[in-house]
Amino acid sequence: MMSCNSFPCLPNNTSNNSLIDLMLLLVLLVSSSVNESSSFGFLASNTFQQHRHHYGVSSKPQQRRAFMTMLKEPCGRDGLVELTSSSNQGLAKTVIRKTPTKLRQIVGGLSVPAAAVAGFLVTPSRRILAHGVGAAISGIVGGIGKSRLDAETLLAVKPALAQLLLDHYSSEKQNVADVADLVKQLQQDYHVEDDEFMDICTDVYKAYLVAMVKQPYTKTADISDLAALKKVLGLDNIAVGEAHAQAAQQVYRETMTFTPEEELEDLEHPDRMSMDKLLFLSERAFRSSSDSVSLEDGAFVFEFSRVSKAFHLLPHVAILRVQNVAQPFYERALTSTRAKLETGAVSSDMLARARVTMGISDEIAADMHLTAFSDEVKSLLQGTTSAAVAAFEEEDFTSEESTSNIQFPPGTLERLEKLRKVLEISEKDAQYEISVEACPLFQATVNGILKQLLSYEGDDVSFFKTSWQKIAARQKELCVNDENMIPILDSIVTQALGKPLEEASAFASVNNEAAVYNKLLEALLIKAKISSLLEQSKGVCSAQKFFDMDSIGACFQFLPTEMRKKLYSLFLSRVTRDASEDGDANLAQIKEMLGIDEETTVDVSAIVCGPVCEKALKETADEVTAGDDVSSEIIENLKKSNSELIARMKVPSDLILKYKCEIYKNYLRFVNQNSPSGIPSSMFAERLATLQQLFDLDSTETIPMHVATFGPAYKKSVLEAMGITGVINPEYREPLNQLRDRLGVGSEEANKLFLSAISDKIVPMFQRIESELERQFLTKEQLARKRGKDIGEDMFKGGSRGDLGIATIGNVMSDIMNLVEFYTENDVPVKTNAVAIEGAAASEATSETEESLGVTYPVTAIGLKAVEPEMAEAMYHQFLVGGFTAQQGGQVARYEAAAPVFGGILGLTKERMEAVGGNVGASVYENFISNAMQTKTSLDQQDMMFLAQIQSKLKMSPEKAEEMLIDAEKKVLKERSQKLFDSATILPCDIQGLRERCNGMGMDLQGDLGISKERVAALFVMEISDGIERGSITTESGNHLTEIQESLGLSPEDCEKAIEGLVQQRVAEYLERIDKELLRGREDQCIDPIKKLIRFASFVGGDVDVEVRKDRAYKIVSLFEAADFSDEKAEVLEAQKQTLKTTLGLPN
């Protein structure tokens, strides 16, 4: 309401009540003037009534709704009926978003001024002020009337739209496009904006949806009904989402709020069903509007979450409820598919379209397809008797009699194959569903047949053949393929075979041998019958796999290994005592049935039968060793008796041999104990031979036992035969061989005992030699640390005091020669045909080391670990040095012959001996060549002959000697060159001497001595510099320079470069000296450096890079011209003058 202040033309003292009364009066006047109102574009009330009748809106909507409710159950049209009564509701009950059209904006803008003009005219007064007040009040009233009439217009659209749908739209009619045109015409008639009309249509859709879900039972027609309504109303996806969200809120607010939680949890409660129905319809509406079928589609997730949130549900819970609503529809579709399968009216494509319509996921559909297929299998699998039907309904398949008549009718597989293709089920899954239903029936049949088989006591093949034919026929009746049949058969057979084994294991736990024996025989009988049955399968199923140790389906796999071993042991024990042929045959079968491997068989036989055989062998051994009356006939009879017993006991031959060897070894101990000297008498020797014959023992089995028993006696005899000298005399060798045969140690083992005795002898010899070398070469302190005790003064060690030093060497050489003679005279070295046996390392800890020269040394110092490899090489080195320095001719020859033998005894290979000899030879060569080079530049023939003698003494090959000679020469020349470079002053004669020695020995300074090119070039410069300065080397000395260049191994270019550098240096030095002399006024002292300058500059034709002042240059030339050169030729002096001018830069 406006105050008086809004009208400044009115007096301030005008009361508000009078003004209000005036305004109400004007409103009544304006409202009553129909013609005037119509002229401003408003509709009268009777016009609204005309439009209501035109679009079918009843004047009594409450009576109409009550009448329709009595005729049918709730549906979506009830919401439309409800909307037709909206004209009786107040304006405040409906909130409509409105944006005026252009026409309405124009009319609205003109309404207030027009009303103001009317107010001015209809307000009689003589005062202009009164006319103004009337015009203002009339304008206000005109605006209020315009807004109210505009709202009334919009309010009338929704009932009119609802009535239009009631009259023209029906889900059964296919007139969606026609009704959509009528809806658009309605919008145009009412002049409603698109956005406003979309909101009105959304409310209509929502009302229709809310009324639809009041009927809790969901129908597939509801989905298409809502989709058609959406098209009729022209709703977009956003409007549909808004409608469903508001509908969910309204349903929850009006219905679910007052329903207890426990009732909403009841799936069959109407309110719960209504809620789930709305969720289902919303999901279908959103999914049909979305381009994606994924649950992660953004638009779908947003819209559906709004609906689920309105019901206070999580989205995934709401999806589960949607699936629960959709699945019954699809189940009915699958049931219809099964019913119409033979008509060809169903296909997988039809089911796919149904799934899309109902929103069934592929995963859920796959499970439902399997369930439908399983139901079809169950419906086809029926019995022909009341007992069979009852057993099938109760799923009691244990009795073969009650289930034998249950089978598939003819054509089952073809029908199931059709259904499988329609349902798109894999062959594997289809076969599994068939087997789930059919396999228990097949198993009951096989159990019944197997029960009859085990009770059968005959061996008629036809019985087993008939039994298998029954199994095969039953398999065909139940449509069970081999892939499913074989596991069932395997399980039944395994249980049948395993039952007696299980019972036998219970008896074995208490060591009931008789019961175990009987149960295992029962198991063998079952095995025989089952094998006969399976033979009739023609390879479909083999009995062998039930006894295969590598098969997990073997009948014995449930028994632990130790229990199976115990069962076999008890059965074997019983068979051994009975000693029957059947028992031996049964034993082999029991071994197979229990999965006993060969190793276990040996162990069990050793435990059960071994003691019996061992006792019999001992008795026969006592028979032949107790008395003298032992003939060959007795031995043969005893051998036969033992063989028969062993064959019957099935004891492995290895175990029998073990028993024989143990008995023989015990008798050997008895003989040894009764032989005081350790050597058996002839009587004991004969009895041992008889025992060997009885047990069929060969030498490979008896010799190790004889060596262990009589080996010490034989070794003792060998040591005694060596005597004080340590060498076995020839007359003792044959008795030792006879003793070897009597003791039965064998030639090979006897030789090992002989070598063992040799080892006992030579170890102290090596220790003595090592001690002597340590005493010679170690200081007293070093020797004390090594031996761990204080060492006193050694009177034989010191400087060169007469013969004492020689005597010390002589002691070592004597000890070594004694060792060599002991080794060789006892024939320890073994001659072989091979020149060398490679691969034996000097440090290898064996008693046999291979040597060269066709001889091997079976006992060596390194092999015995008597000395370390380094000490062995030191011993050999010292022996070579001693042999080389020996003075007497005969002694030298002995040492030279003994050297390779001593090296072999030490355990050194040929390569190591040559290396040690090379070290000695290198020292000798080096010293000799160094002394020879003091007086000569090369070795002469006499020197080479001496070196050849050294080579012969040291047993070096020619190649090794030549290599050592070259190395010695290189070493001597390197030392001379290094000494030359280290000296403070290098004279040209020293350089010439080194060069000539290198040339005489064929050595190259760079390649052989390793002197760098720069140093060689420096030697060249130093050698020629003095000659040029003295005048002995001039430009005419080309041959001499070439000789120096070639002997130094330099190229001509290197020499030219060296000479140019030398000239440049010397010319600059002489000019500096001349300059200093002139500064001091000593012109006479300038002549000699001028001459030398000319000598050096002449090698480059005066082309020297120096700078000299012109006055100084002329002064030097004038001094040269004034000097006395009477002994020189004129042309020579002229050439020298020209060279000097060129050098000084003066014109010629």
# chains A, B, ... in the order shown; residues from 1 in each chain; ligands from 1
>>> closest_atom_pairs(of="segment 173-226 of chain A", to="segment 236-243 of chain A", cutoff="7 Å", atoms="only C-alpha atoms", output="Markdown table")
| residue | atom | partner | partner_atom | distance |
| --- | --- | --- | --- | --- |
| A:Thr202 | CA | A:Ala243 | CA | 5.7 |
| A:Asp203 | CA | A:Ala243 | CA | 6.9 |
| A:Tyr205 | CA | A:Ala243 | CA | 6.6 |
| A:Lys206 | CA | A:Ala243 | CA | 4.9 |
>>> atom_distance(atom1="atom CA of Asp276 of chain A", atom2="atom CA of Asn324 of chain A")
8.5 Å
>>> residues_around(residues="segment 712-724 of chain A", least_positions_apart="6", cutoff="12 Å", atoms="only C-alpha atoms", output="PyMOL selection string")
chain A and resi 672+675-680+706+730-747+749-761+822-823+825-826
>>> residues_around(residues="segment 1017-1031 of chain A", least_positions_apart="5", cutoff="9 Å", atoms="only C-alpha atoms", output="list in words")
Ile986, Leu987, Pro988, Cys989, Asp990, Ile991, Gln992, Ser1012, Leu1041, Ile1044, Gln1045, Leu1048, Leu1050, Asp1054, Cys1055, Ala1058, Ile1059, Leu1062, Lys1092, Leu1093, Arg1095 and Phe1096 of chain A
>>> atom_distance(atom1="atom CA of Ile200 of chain A", atom2="atom CA of Gly234 of chain A")
11.3 Å
>>> atom_distance(atom1="atom CA of Arg284 of chain A", atom2="atom CA of His316 of chain A")
15.4 Å
>>> residues_around(residues="Ile526 of chain A", least_positions_apart="5", cutoff="9 Å", atoms="only C-alpha atoms", output="mmCIF file with N, CA, C and O atoms, in the first residue's frame")
data_model
loop_
_atom_site.group_PDB
_atom_site.id
_atom_site.type_symbol
_atom_site.label_atom_id
_atom_site.label_comp_id
_atom_site.auth_asym_id
_atom_site.auth_seq_id
_atom_site.Cartn_x
_atom_site.Cartn_y
_atom_site.Cartn_z
ATOM 1 N N LEU A 454 31.470 -106.056 -7.147
ATOM 2 C CA LEU A 454 32.316 -106.496 -6.041
ATOM 3 C C LEU A 454 31.741 -107.724 -5.345
ATOM 4 O O LEU A 454 32.487 -108.499 -4.734
ATOM 5 N N ALA A 496 36.655 -97.138 -3.993
ATOM 6 C CA ALA A 496 36.525 -98.588 -3.848
ATOM 7 C C ALA A 496 37.873 -99.235 -3.536
ATOM 8 O O ALA A 496 37.962 -100.153 -2.708
ATOM 9 N N LEU A 497 38.928 -98.756 -4.189
ATOM 10 C CA LEU A 497 40.258 -99.302 -3.941
ATOM 11 C C LEU A 497 40.835 -98.799 -2.634
ATOM 12 O O LEU A 497 41.617 -99.506 -1.976
ATOM 13 N N PRO A 500 39.648 -100.672 1.420
ATOM 14 C CA PRO A 500 40.408 -101.715 2.120
ATOM 15 C C PRO A 500 41.791 -101.243 2.550
ATOM 16 O O PRO A 500 42.310 -101.700 3.576
ATOM 17 N N LEU A 521 44.865 -108.520 0.684
ATOM 18 C CA LEU A 521 44.377 -109.505 -0.278
ATOM 19 C C LEU A 521 43.003 -109.107 -0.812
ATOM 20 O O LEU A 521 42.703 -109.284 -1.997
ATOM 21 N N SER A 531 39.858 -103.843 -12.712
ATOM 22 C CA SER A 531 40.677 -103.880 -13.927
ATOM 23 C C SER A 531 39.944 -104.606 -15.042
ATOM 24 O O SER A 531 39.986 -104.184 -16.212
#
